[in-house]
Every structure is written in C-alpha cells, then in structure tokens.
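Engineer: Take a look at model19.cif, mmCIF, C-alpha atoms:
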data_protein
#
loop_
_atom_site.group_PDB
_atom_site.id
_atom_site.type_symbol
_atom_site.label_atom_id
_atom_site.label_comp_id
_atom_site.auth_asym_id
_atom_site.auth_seq_id
_atom_site.Cartn_x
_atom_site.Cartn_y
_atom_site.Cartn_z
ATOM 1 C CA MET J 1 10.847 -32.175 -11.117
ATOM 2 C CA ASP J 2 12.347 -28.681 -10.742
ATOM 3 C CA ILE J 3 10.437 -27.481 -13.811
ATOM 4 C CA GLN J 4 7.176 -28.688 -12.280
ATOM 5 C CA ILE J 5 7.939 -26.845 -9.031
ATOM 6 C CA MET J 6 8.688 -23.648 -10.966
ATOM 7 C CA LYS J 7 5.444 -23.959 -12.904
ATOM 8 C CA LYS J 8 3.263 -24.322 -9.803
ATOM 9 C CA PRO J 9 3.359 -20.625 -8.740
ATOM 10 C CA LYS J 10 2.511 -19.568 -12.298
ATOM 11 C CA VAL J 11 -0.406 -21.998 -12.432
ATOM 12 C CA ILE J 12 -1.698 -20.782 -9.058
ATOM 13 C CA SER J 13 -1.315 -17.123 -10.080
ATOM 14 C CA THR J 14 -3.136 -17.741 -13.366
ATOM 15 C CA GLY J 15 -5.938 -19.570 -11.571
ATOM 16 C CA LEU J 16 -6.363 -16.780 -9.019
ATOM 17 C CA LEU J 17 -6.409 -14.184 -11.786
ATOM 18 C CA ILE J 18 -9.130 -16.086 -13.654
ATOM 19 C CA VAL J 19 -11.192 -16.359 -10.461
ATOM 20 C CA ALA J 20 -10.722 -12.632 -9.779
ATOM 21 C CA ALA J 21 -11.832 -11.771 -13.326
ATOM 22 C CA LEU J 22 -14.970 -13.910 -12.994
ATOM 23 C CA LEU J 23 -16.079 -12.629 -9.570
ATOM 24 C CA PRO J 24 -18.427 -9.898 -10.879
ATOM 25 C CA VAL J 25 -20.088 -12.527 -13.073
ATOM 26 C CA ILE J 26 -20.491 -14.927 -10.161
ATOM 27 C CA ILE J 27 -21.363 -12.309 -7.528
ATOM 28 C CA ALA J 28 -24.231 -9.962 -8.297
ATOM 29 C CA ASP J 29 -24.441 -8.401 -4.819
ATOM 30 C CA ASP J 30 -23.288 -4.751 -4.956
ATOM 31 C CA TYR J 31 -22.364 -4.813 -1.255
ATOM 32 C CA VAL J 32 -19.911 -7.685 -1.773
ATOM 33 C CA LEU J 33 -18.462 -6.027 -4.867
ATOM 34 C CA ARG J 34 -17.977 -2.818 -2.896
ATOM 35 C CA ILE J 35 -16.010 -4.718 -0.242
ATOM 36 C CA LEU J 36 -13.861 -6.271 -2.979
ATOM 37 C CA ILE J 37 -13.249 -2.832 -4.506
ATOM 38 C CA MET J 38 -12.164 -1.437 -1.133
ATOM 39 C CA SER J 39 -9.935 -4.487 -0.717
ATOM 40 C CA GLY J 40 -8.268 -3.597 -4.031
ATOM 41 C CA ILE J 41 -7.650 -0.022 -2.865
ATOM 42 C CA PHE J 42 -6.025 -1.263 0.332
ATOM 43 C CA VAL J 43 -3.949 -3.805 -1.583
ATOM 44 C CA MET J 44 -2.426 -0.904 -3.544
ATOM 45 C CA LEU J 45 -1.842 1.089 -0.349
ATOM 46 C CA THR J 46 -0.298 -1.867 1.495
ATOM 47 C CA LEU J 47 1.976 -2.772 -1.408
ATOM 48 C CA SER J 48 3.163 0.822 -1.696
ATOM 49 C CA LEU J 49 3.855 1.073 2.056
ATOM 50 C CA ASN J 50 5.601 -2.306 2.068
ATOM 51 C CA LEU J 51 8.047 -1.020 -0.542
ATOM 52 C CA VAL J 52 9.162 1.654 1.938
ATOM 53 C CA THR J 53 8.767 -0.174 5.260
ATOM 54 C CA GLY J 54 9.109 -3.840 4.357
ATOM 55 C CA PHE J 55 11.742 -3.776 1.611
ATOM 56 C CA THR J 56 13.708 -0.616 2.504
ATOM 57 C CA GLY J 57 13.272 -0.623 6.283
ATOM 58 C CA GLN J 58 11.921 2.946 6.611
ATOM 59 C CA PHE J 59 9.200 2.999 9.268
ATOM 60 C CA CYS J 60 6.346 5.306 8.219
ATOM 61 C CA LEU J 61 3.298 6.288 10.294
ATOM 62 C CA GLY J 62 1.782 8.860 7.932
ATOM 63 C CA TRP J 63 1.097 6.873 4.779
ATOM 64 C CA ALA J 64 -2.518 8.039 4.530
ATOM 65 C CA ALA J 65 -1.154 11.503 3.683
ATOM 66 C CA PHE J 66 -0.048 10.324 0.217
ATOM 67 C CA TYR J 67 -3.406 8.571 -0.193
ATOM 68 C CA GLY J 68 -5.127 11.876 0.537
ATOM 69 C CA ILE J 69 -2.814 13.947 -1.691
ATOM 70 C CA GLY J 70 -3.633 11.727 -4.651
ATOM 71 C CA ALA J 71 -7.356 11.872 -3.887
ATOM 72 C CA TYR J 72 -7.563 15.665 -3.526
ATOM 73 C CA THR J 73 -5.269 16.360 -6.490
ATOM 74 C CA SER J 74 -7.296 14.182 -8.833
ATOM 75 C CA ALA J 75 -10.646 15.459 -7.539
ATOM 76 C CA LEU J 76 -9.664 19.143 -7.833
ATOM 77 C CA LEU J 77 -8.148 18.704 -11.293
ATOM 78 C CA THR J 78 -11.326 17.126 -12.640
ATOM 79 C CA MET J 79 -13.729 19.490 -10.848
ATOM 80 C CA LYS J 80 -11.927 22.821 -11.244
ATOM 81 C CA ALA J 81 -9.559 22.345 -14.182
ATOM 82 C CA GLY J 82 -11.849 20.140 -16.262
ATOM 83 C CA LEU J 83 -9.263 17.379 -16.794
ATOM 84 C CA SER J 84 -10.379 13.846 -17.491
ATOM 85 C CA PHE J 85 -9.921 11.125 -14.899
ATOM 86 C CA TRP J 86 -7.280 9.419 -17.059
ATOM 87 C CA LEU J 87 -5.066 12.514 -16.880
ATOM 88 C CA ALA J 88 -5.918 13.489 -13.310
ATOM 89 C CA MET J 89 -5.159 10.039 -11.864
ATOM 90 C CA PRO J 90 -1.457 9.865 -12.882
ATOM 91 C CA LEU J 91 -1.059 13.547 -11.949
ATOM 92 C CA GLY J 92 -2.422 12.691 -8.505
ATOM 93 C CA GLY J 93 0.181 9.940 -8.295
ATOM 94 C CA PHE J 94 2.972 12.294 -9.387
ATOM 95 C CA MET J 95 1.879 14.925 -6.865
ATOM 96 C CA ALA J 96 2.029 12.304 -4.095
ATOM 97 C CA ALA J 97 5.467 11.213 -5.375
ATOM 98 C CA LEU J 98 6.651 14.840 -5.240
ATOM 99 C CA PHE J 99 5.586 15.097 -1.615
ATOM 100 C CA GLY J 100 7.296 11.752 -1.011
ATOM 101 C CA LEU J 101 10.540 13.275 -2.279
ATOM 102 C CA LEU J 102 10.005 16.414 -0.188
ATOM 103 C CA LEU J 103 9.448 14.255 2.896
ATOM 104 C CA GLY J 104 12.332 11.961 2.049
ATOM 105 C CA LEU J 105 14.949 14.665 1.570
ATOM 106 C CA PRO J 106 15.085 16.049 5.150
ATOM 107 C CA THR J 107 14.314 12.721 6.881
ATOM 108 C CA MET J 108 16.921 10.451 5.300
ATOM 109 C CA ARG J 109 19.281 10.927 8.237
ATOM 110 C CA LEU J 110 16.583 9.818 10.666
ATOM 111 C CA LYS J 111 16.080 6.214 11.716
ATOM 112 C CA GLU J 112 13.609 4.051 13.606
ATOM 113 C CA ILE J 113 11.403 5.948 16.085
ATOM 114 C CA TYR J 114 12.634 9.386 14.968
ATOM 115 C CA LEU J 115 11.656 8.683 11.371
ATOM 116 C CA ALA J 116 8.316 7.256 12.513
ATOM 117 C CA ILE J 117 7.499 10.380 14.554
ATOM 118 C CA THR J 118 8.515 12.662 11.678
ATOM 119 C CA THR J 119 6.289 10.829 9.187
ATOM 120 C CA LEU J 120 3.464 10.884 11.739
ATOM 121 C CA GLY J 121 3.840 14.653 11.974
ATOM 122 C CA PHE J 122 3.884 14.945 8.181
ATOM 123 C CA GLY J 123 0.630 12.992 7.939
ATOM 124 C CA GLU J 124 -1.048 15.245 10.501
ATOM 125 C CA ILE J 125 0.203 18.403 8.731
ATOM 126 C CA ILE J 126 -1.280 17.229 5.421
ATOM 127 C CA ARG J 127 -4.591 16.373 7.121
ATOM 128 C CA LEU J 128 -4.733 19.794 8.803
ATOM 129 C CA ILE J 129 -4.037 21.531 5.475
ATOM 130 C CA MET J 130 -6.932 19.600 3.927
ATOM 131 C CA LEU J 131 -9.095 20.542 6.895
ATOM 132 C CA ASN J 132 -8.243 24.258 7.090
ATOM 133 C CA TRP J 133 -7.652 25.305 3.473
ATOM 134 C CA THR J 134 -11.378 25.760 3.031
ATOM 135 C CA ASP J 135 -11.144 27.888 -0.139
ATOM 136 C CA LEU J 136 -9.621 24.927 -1.964
ATOM 137 C CA THR J 137 -10.741 21.797 -0.137
ATOM 138 C CA ARG J 138 -13.988 22.984 1.565
ATOM 139 C CA GLY J 139 -12.506 21.737 4.845
ATOM 140 C CA SER J 140 -14.610 19.374 6.928
ATOM 141 C CA MET J 141 -17.519 19.748 4.484
ATOM 142 C CA GLY J 142 -15.518 17.741 1.973
ATOM 143 C CA LEU J 143 -15.640 17.682 -1.809
ATOM 144 C CA PRO J 144 -18.941 16.306 -3.163
ATOM 145 C CA GLY J 145 -19.837 15.595 -6.766
ATOM 146 C CA ILE J 146 -16.470 14.255 -7.945
ATOM 147 C CA PRO J 147 -17.111 13.070 -11.526
ATOM 148 C CA ALA J 148 -17.011 9.397 -12.441
ATOM 149 C CA PRO J 149 -14.393 8.152 -14.932
ATOM 150 C CA MET J 150 -15.391 8.214 -18.605
ATOM 151 C CA LEU J 151 -13.959 5.845 -21.219
ATOM 152 C CA PHE J 152 -14.917 7.356 -24.587
ATOM 153 C CA SER J 153 -18.709 7.572 -24.230
ATOM 154 C CA TYR J 154 -18.955 4.984 -21.443
ATOM 155 C CA GLU J 155 -19.364 6.293 -17.902
ATOM 156 C CA PHE J 156 -18.301 4.115 -14.981
ATOM 157 C CA SER J 157 -21.437 3.786 -12.896
ATOM 158 C CA SER J 158 -21.683 0.161 -11.755
ATOM 159 C CA ASN J 159 -19.655 -1.604 -9.102
ATOM 160 C CA ALA J 160 -18.700 -4.240 -11.655
ATOM 161 C CA ALA J 161 -17.055 -1.593 -13.872
ATOM 162 C CA TYR J 162 -15.168 -0.105 -10.924
ATOM 163 C CA TYR J 163 -14.133 -3.604 -9.858
ATOM 164 C CA TYR J 164 -12.429 -4.284 -13.182
ATOM 165 C CA LEU J 165 -10.740 -0.890 -13.058
ATOM 166 C CA ILE J 166 -9.302 -1.448 -9.575
ATOM 167 C CA LEU J 167 -8.301 -4.984 -10.582
ATOM 168 C CA ALA J 168 -6.290 -3.545 -13.481
ATOM 169 C CA LEU J 169 -4.653 -0.979 -11.179
ATOM 170 C CA VAL J 170 -3.801 -3.671 -8.616
ATOM 171 C CA LEU J 171 -2.201 -5.851 -11.307
ATOM 172 C CA VAL J 172 -0.139 -2.899 -12.570
ATOM 173 C CA THR J 173 0.971 -2.125 -8.999
ATOM 174 C CA ILE J 174 1.954 -5.740 -8.315
ATOM 175 C CA ALA J 175 3.846 -6.038 -11.604
ATOM 176 C CA ALA J 176 5.690 -2.737 -11.113
ATOM 177 C CA ILE J 177 6.741 -3.395 -7.514
ATOM 178 C CA ARG J 178 7.686 -7.017 -8.214
ATOM 179 C CA ARG J 179 9.818 -5.949 -11.166
ATOM 180 C CA LEU J 180 11.449 -3.235 -9.052
ATOM 181 C CA ILE J 181 12.221 -5.592 -6.162
ATOM 182 C CA ASN J 182 13.684 -8.245 -8.482
ATOM 183 C CA SER J 183 15.934 -5.688 -10.156
ATOM 184 C CA ARG J 184 19.317 -4.321 -9.131
ATOM 185 C CA THR J 185 17.500 -1.398 -7.498
ATOM 186 C CA GLY J 186 15.425 -3.792 -5.397
ATOM 187 C CA ARG J 187 18.522 -5.632 -4.226
ATOM 188 C CA ALA J 188 20.011 -2.278 -3.190
ATOM 189 C CA LEU J 189 16.859 -1.417 -1.208
ATOM 190 C CA ILE J 190 16.974 -4.765 0.604
ATOM 191 C CA ALA J 191 20.686 -4.275 1.333
ATOM 192 C CA ILE J 192 19.868 -0.905 2.912
ATOM 193 C CA ARG J 193 17.193 -2.545 5.057
ATOM 194 C CA GLU J 194 19.544 -5.280 6.248
ATOM 195 C CA ASP J 195 22.597 -3.121 6.990
ATOM 196 C CA GLU J 196 22.756 0.504 5.914
ATOM 197 C CA LEU J 197 26.426 0.927 6.806
ATOM 198 C CA ALA J 198 27.424 -2.166 4.852
ATOM 199 C CA ALA J 199 25.358 -0.960 1.888
ATOM 200 C CA LYS J 200 27.227 2.357 1.946
ATOM 201 C CA SER J 201 30.562 0.557 2.032
ATOM 202 C CA MET J 202 29.507 -1.379 -1.090
ATOM 203 C CA GLY J 203 29.034 1.898 -2.963
ATOM 204 C CA ILE J 204 25.233 2.112 -2.730
ATOM 205 C CA ASP J 205 23.904 5.680 -2.665
ATOM 206 C CA VAL J 206 21.674 5.149 0.377
ATOM 207 C CA THR J 207 20.001 8.582 0.272
ATOM 208 C CA ALA J 208 19.097 8.308 -3.417
ATOM 209 C CA TYR J 209 17.635 4.815 -3.045
ATOM 210 C CA LYS J 210 15.616 5.744 0.046
ATOM 211 C CA MET J 211 14.151 8.742 -1.752
ATOM 212 C CA LEU J 212 13.364 6.558 -4.758
ATOM 213 C CA ALA J 213 11.492 4.103 -2.519
ATOM 214 C CA PHE J 214 9.479 6.948 -0.952
ATOM 215 C CA ALA J 215 8.671 8.452 -4.360
ATOM 216 C CA VAL J 216 7.595 5.164 -6.006
ATOM 217 C CA GLY J 217 5.574 4.069 -2.981
ATOM 218 C CA ALA J 218 3.887 7.465 -2.672
ATOM 219 C CA PHE J 219 3.059 7.411 -6.413
ATOM 220 C CA PHE J 220 1.029 4.198 -6.105
ATOM 221 C CA ALA J 221 -0.613 5.438 -2.896
ATOM 222 C CA GLY J 222 -1.626 8.551 -4.856
ATOM 223 C CA LEU J 223 -3.130 6.396 -7.613
ATOM 224 C CA ALA J 224 -5.170 4.531 -4.993
ATOM 225 C CA GLY J 225 -6.363 7.868 -3.585
ATOM 226 C CA SER J 226 -7.373 9.091 -7.021
ATOM 227 C CA PHE J 227 -9.417 5.957 -7.673
ATOM 228 C CA TYR J 228 -11.065 6.220 -4.245
ATOM 229 C CA ALA J 229 -12.084 9.841 -4.829
ATOM 230 C CA HIS J 230 -13.779 9.110 -8.157
ATOM 231 C CA TYR J 231 -15.312 5.867 -6.937
ATOM 232 C CA THR J 232 -16.978 7.373 -3.865
ATOM 233 C CA SER J 233 -17.571 10.783 -5.553
ATOM 234 C CA PHE J 234 -16.989 12.408 -2.134
ATOM 235 C CA ILE J 235 -13.895 12.883 0.020
ATOM 236 C CA ASP J 236 -13.149 14.702 3.278
ATOM 237 C CA PRO J 237 -10.013 15.020 5.460
ATOM 238 C CA HIS J 238 -11.240 12.512 8.047
ATOM 239 C CA THR J 239 -10.780 9.662 5.559
ATOM 240 C CA PHE J 240 -7.015 10.256 5.492
ATOM 241 C CA SER J 241 -6.346 10.384 9.226
ATOM 242 C CA PHE J 242 -3.730 8.721 11.417
ATOM 243 C CA THR J 243 -6.167 5.847 12.020
ATOM 244 C CA GLU J 244 -6.089 5.040 8.304
ATOM 245 C CA SER J 245 -2.273 5.034 8.341
ATOM 246 C CA ILE J 246 -2.280 2.565 11.229
ATOM 247 C CA ALA J 247 -4.783 0.337 9.390
ATOM 248 C CA ILE J 248 -2.531 0.236 6.310
ATOM 249 C CA LEU J 249 0.523 -0.528 8.458
ATOM 250 C CA ALA J 250 -1.405 -3.295 10.267
ATOM 251 C CA MET J 251 -2.227 -4.885 6.910
ATOM 252 C CA ALA J 252 1.438 -4.861 5.902
ATOM 253 C CA VAL J 253 2.554 -6.317 9.244
ATOM 254 C CA LEU J 254 -0.159 -8.989 9.290
ATOM 255 C CA GLY J 255 0.684 -10.218 5.802
ATOM 256 C CA GLY J 256 4.421 -9.970 6.349
ATOM 257 C CA LEU J 257 6.822 -7.062 5.872
ATOM 258 C CA GLY J 258 8.892 -7.520 2.745
ATOM 259 C CA SER J 259 6.346 -9.827 1.094
ATOM 260 C CA ILE J 260 4.215 -8.944 -1.939
ATOM 261 C CA ASN J 261 1.868 -11.894 -1.390
ATOM 262 C CA GLY J 262 1.644 -10.947 2.272
ATOM 263 C CA SER J 263 0.607 -7.388 1.391
ATOM 264 C CA ILE J 264 -2.215 -8.707 -0.765
ATOM 265 C CA LEU J 265 -3.434 -11.184 1.852
ATOM 266 C CA GLY J 266 -3.140 -8.732 4.756
ATOM 267 C CA ALA J 267 -5.111 -6.044 2.913
ATOM 268 C CA VAL J 268 -7.892 -8.422 1.850
ATOM 269 C CA VAL J 269 -8.207 -10.080 5.273
ATOM 270 C CA LEU J 270 -8.278 -6.832 7.276
ATOM 271 C CA THR J 271 -10.819 -5.310 4.875
ATOM 272 C CA ILE J 272 -13.161 -8.291 4.940
ATOM 273 C CA ILE J 273 -12.982 -9.262 8.646
ATOM 274 C CA PRO J 274 -14.490 -5.979 9.996
ATOM 275 C CA GLU J 275 -17.388 -6.399 7.557
ATOM 276 C CA LEU J 276 -17.978 -9.991 8.685
ATOM 277 C CA LEU J 277 -18.075 -8.816 12.300
ATOM 278 C CA ARG J 278 -20.662 -6.077 11.745
ATOM 279 C CA SER J 279 -23.395 -8.326 13.178
ATOM 280 C CA ILE J 280 -21.598 -8.211 16.539
ATOM 281 C CA ALA J 281 -20.720 -4.529 16.360
ATOM 282 C CA GLU J 282 -20.227 -4.142 20.132
ATOM 283 C CA TYR J 283 -17.680 -6.987 20.223
ATOM 284 C CA ARG J 284 -16.018 -6.757 16.819
ATOM 285 C CA LEU J 285 -13.061 -4.659 18.003
ATOM 286 C CA ILE J 286 -12.364 -7.238 20.716
ATOM 287 C CA VAL J 287 -12.547 -10.112 18.225
ATOM 288 C CA PHE J 288 -10.445 -8.162 15.736
ATOM 289 C CA GLY J 289 -7.814 -7.483 18.403
ATOM 290 C CA LEU J 290 -7.704 -11.139 19.465
ATOM 291 C CA ILE J 291 -7.165 -12.226 15.851
ATOM 292 C CA MET J 292 -4.276 -9.770 15.479
ATOM 293 C CA MET J 293 -2.735 -10.934 18.780
ATOM 294 C CA ALA J 294 -3.002 -14.589 17.758
ATOM 295 C CA VAL J 295 -1.292 -13.949 14.436
ATOM 296 C CA MET J 296 1.504 -11.927 16.051
ATOM 297 C CA LEU J 297 2.094 -14.643 18.662
ATOM 298 C CA LEU J 298 2.048 -17.519 16.194
ATOM 299 C CA ARG J 299 3.664 -15.714 13.242
ATOM 300 C CA PRO J 300 5.488 -12.618 14.554
ATOM 301 C CA GLN J 301 7.022 -12.058 11.112
ATOM 302 C CA GLY J 302 3.554 -12.031 9.483
ATOM 303 C CA ILE J 303 1.673 -14.697 7.568
ATOM 304 C CA PHE J 304 3.967 -14.619 4.524
ATOM 305 C CA GLY J 305 6.911 -12.945 6.228
ATOM 306 C CA LYS J 306 10.289 -14.591 6.544
ATOM 307 C CA ALA J 307 12.488 -14.523 9.607
ATOM 308 C CA ARG J 308 15.585 -12.459 8.959
ATOM 309 C CA GLU J 309 17.933 -15.173 10.174
ATOM 310 C CA SER J 310 17.145 -18.666 11.385
ATOM 311 C CA SER J 311 18.822 -20.263 14.387
ATOM 312 C CA SER J 312 20.442 -22.890 12.172
ATOM 313 C CA VAL J 313 22.075 -20.210 10.039
ATOM 314 C CA ARG J 314 23.311 -18.370 13.142
ATOM 315 C CA GLY J 315 24.715 -21.621 14.492
ATOM 316 C CA ARG J 316 26.591 -22.419 11.284
ATOM 317 C CA SER J 317 27.911 -18.857 11.189
ATOM 318 C CA LYS J 318 29.259 -19.138 14.728
ATOM 319 C CA ARG J 319 30.886 -22.515 14.068
ATOM 320 C CA ARG J 320 32.614 -21.115 10.990
ATOM 321 C CA GLY J 321 33.767 -18.031 12.814
ATOM 322 C CA GLY J 322 31.558 -15.753 10.727
ATOM 323 C CA VAL J 323 33.552 -16.517 7.558
ATOM 324 C CA ARG J 324 31.510 -17.163 4.438
ATOM 325 C CA VAL J 325 31.964 -20.569 2.902
ATOM 326 C CA GLY J 326 33.250 -20.467 -0.636
ATOM 327 C CA SER J 327 34.525 -16.923 -0.396
ATOM 328 C CA ALA J 328 37.716 -16.188 -2.243
#
For the structure just supplied, provide its representation as structure tokens.
Structural biologist:
Amino acid sequence: MDIQIMKKPKVISTGLLIVAALLPVIIADDYVLRILIMSGIFVMLTLSLNLVTGFTGQFCLGWAAFYGIGAYTSALLTMKAGLSFWLAMPLGGFMAALFGLLLGLPTMRLKEIYLAITTLGFGEIIRLIMLNWTDLTRGSMGLPGIPAPMLFSYEFSSNAAYYYLILALVLVTIAAIRRLINSRTGRALIAIREDELAAKSMGIDVTAYKMLAFAVGAFFAGLAGSFYAHYTSFIDPHTFSFTESIAILAMAVLGGLGSINGSILGAVVLTIIPELLRSIAEYRLIVFGLIMMAVMLLRPQGIFGKARESSSVRGRSKRRGGVRVGSA
C-alpha cells in the first residue's frame, strides 16, 4: 500500500510532463503558445523568489531587478560582444547571482519590513540605471533587435521551438531547487526561516546560507530574463519595474510560500487569468482582485502552502510542557 502511495506522485508528474511535451502538437494557436511561454518564464521567476522568501524567510520586493540584470546582460553580450545565446544566458544568470551576493552582504542583518524596503530600493536603483545609462542601455528607447538563439544551423523562430526551450529551462530550475531544498543546505535554509536564533545555536552559518539563497535564486531569475530578452527580441526598463516584482511575489503567495508545486501553479494561474479576462478589460482588475481575496480568505497560506503549526500540535506541545516526546 505504501509503495503505491509513493508511486502516485511520480505517475502524476510523468503524466503532466508528457502532456506538457505534447501541447505544441495539440495546440497550433501561436497566441496560446505565447501565453504558455510567458507562464514558463514566470514559473522560473516564482520558483527563484520562493527559494529566498518561501524557504529562507527573506522578504524581497525587488525581484524584477535580477530578472532585468539577466535580460540586459545577455542582450548586450550577444549584440555588442558577439557571444552566442548559449554563452550569454548563463553569464546573465551569473551576473544576476553576483548582484544577489552584493545585495545580500549588507542586508543580512536586516529583517522583515527593513529588508523588504531595502530590496525595494535596490530594485528601483537597478531600474533607474537601466533607464538613465543611455550609452549602454538606450534608456527608455530600449534594446531592439536582440538576436534569436541558434542551435548549430537552426534558428529559433517559432513559438513551438521557444516553448520547448522554456520547458527545458523550467525542468532544470525545478530539479535544481528541489534537489537543493531536499539537501542538508535546504534543511539549513528552512531552519533559518523557522527560527534564526535557534539555527545559529545549532552551528548554522546564517549569513552564508542567506547569501547562498540570494545568489542561487538570482541566478535562475537571470536565466529567465535572458530567455525573455531573446524571445521578445526587445527589452526596456519598464518591463522590470516594481509592478513586476509585486506580480512575481503574488504568484508565490497565491501558490503557497515554501512550496515548489505552489510556485508552478501560482505562476500559471496568474499568467493565464489576466488573458482570460481581456474581454472584460474594464472589470478584469476587479475580478482579479476578488479572486485573490477569496484565495487569501479561504487559504491564507496559499493553495499548496502548509500552515506552520496546527492547533493540534500546539495543544499537544502545551500538554507536554513543550518537551519533545522521545528526546533523550
């Protein structure tokens, strides 16, 4: 019986992967494929933010900055340095990771609202640099003509090709973050989220692990930015604004902080719903807001989120005087 229960998630995951791989064959509409591609980009962004906010407990309001750093780095390297997409994309991720470390170093002593305000300021600084460094970024005019990826002699030009590329990137992101969370490092990150002081007393280097979470999360956000730049072939600073950071955070919260499956669901749902509501453009923000309110009222921890501590556990803890059962 237990073996069958363990097999069910694998069967479901395999089935979903097969369906995802067959979607471009089933769906020929470029508009629908474009929505699915954008969903994949936001899945990567939500997963990367959830590593920092959901699993490590570091509240960030400037996540779009790393998205933009990856996009501009990759675009400039291909346009001005002549690098291929396959080299520029990881370099865009590493550049975002470097900025994640630079942000993480001075902010590790900050918590809660102070950290949130600092990351918000960082996001606005990066956007203003993109907007005002016109010699490099062309400012508000943006960067047009970003080259499409080339694989040997094949040029990515169809939405179906881009779909399979973003699907591969999403799978790599999921596998990497899941492996990290299930490792000793992941357990340390979760311990920091639950009780930083207790984690320190257990010998966990809190500063190092927080910086690692920022760097890894920023790396995958940079990869998503790189893909976006080459997919759209045009980027400008307005794409990476505070509004985009809030949208990514909303996806993570809706799906459930600290949940990989929740990140995927939240990103897909909040990418698709605005498109479905385009026919009622004047009311779609109201409908969108009501949906978010309903979810937060019914599932305040998110769709796939878990409550930190149930009432039954608290009750047992009180009855036992806070002493762990079975402890030596």
Engineer: For a quick check of understanding, using all atoms listed in the file, which of J:Ala175, J:Ile129, J:Leu270, J:Ile235 has the smallest distance to Leu47 (chain J)?
Structural biologist: J:Ala175
Engineer: Need to verify the contact set: Thr232 (chain J), 9 Å, all atoms listed in the file, exclusion of same-chain residues closer than 3 positions in sequence. Can you return it as a list of chain:residue names?
Structural biologist: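 Within the cut-off, the hits are J:Ile146, J:Ala148, J:Phe227, J:Tyr228, J:Ala229, J:Ile235.
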Engineer: Separation of CA of Tyr209 (chain J) and CA of Leu167 (chain J), in Å?
Structural biologist: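 Distance between the two atoms: 28.7 Å.
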Engineer: Name the residues captured by the PyMOL selection byres ((chain J and resi 27-36) around 10) when it is applied to the shown file; answer as a list in words.
Structural biologist: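 Given this file, the PyMOL selection byres ((chain J and resi 27-36) around 10) evaluates to Ala20, Leu22, Leu23, Pro24, Val25, Ile26, Ile37, Met38, Ser39, Gly40, Ile41, Phe42, Ser158, Asn159, Ala160, Tyr162, Tyr163, Ile166, Leu167, Tyr231, Val268, Thr271, Ile272 and Glu275 of chain J.
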Engineer: Please write the residues picked by the PyMOL selection byres ((chain J and resi 244-248) around 7) on this file as a PyMOL selection string.
Structural biologist: chain J and resi 45-46+61-64+240-243+249-252
Engineer: Any chance you can output those residues with C-alpha atoms as a short mmCIF file (atom, residue, chain, number, x, y, z; two decimals), in the coordinates of the input?
Structural biologist:
data_model
loop_
_atom_site.label_atom_id
_atom_site.label_comp_id
_atom_site.auth_asym_id
_atom_site.auth_seq_id
_atom_site.Cartn_x
_atom_site.Cartn_y
_atom_site.Cartn_z
CA LEU J 45 -1.84 1.09 -0.35
CA THR J 46 -0.30 -1.87 1.50
CA LEU J 61 3.30 6.29 10.29
CA GLY J 62 1.78 8.86 7.93
CA TRP J 63 1.10 6.87 4.78
CA ALA J 64 -2.52 8.04 4.53
CA PHE J 240 -7.02 10.26 5.49
CA SER J 241 -6.35 10.38 9.23
CA PHE J 242 -3.73 8.72 11.42
CA THR J 243 -6.17 5.85 12.02
CA LEU J 249 0.52 -0.53 8.46
CA ALA J 250 -1.40 -3.30 10.27
CA MET J 251 -2.23 -4.88 6.91
CA ALA J 252 1.44 -4.86 5.90
#
Engineer: Go through J:Leu98, J:Met108, J:Gly15, J:Ser183 and flag the residue nearest Glu196 (chain J), using only C-alpha atoms for the distances.
Structural biologist: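 Closest residue, counting only C-alpha atoms: J:Met108.
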Engineer: Distance CA of Leu136 (chain J)-CA of Leu105 (chain J), one decimal place?
Structural biologist: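 Those two atoms sit 26.9 Å apart.
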Engineer: Which is closest to Ala224 (chain J) among J:Met141, J:Leu51, J:Leu180, J:Leu169, if we use all atoms listed in the file?
Structural biologist: J:Leu169
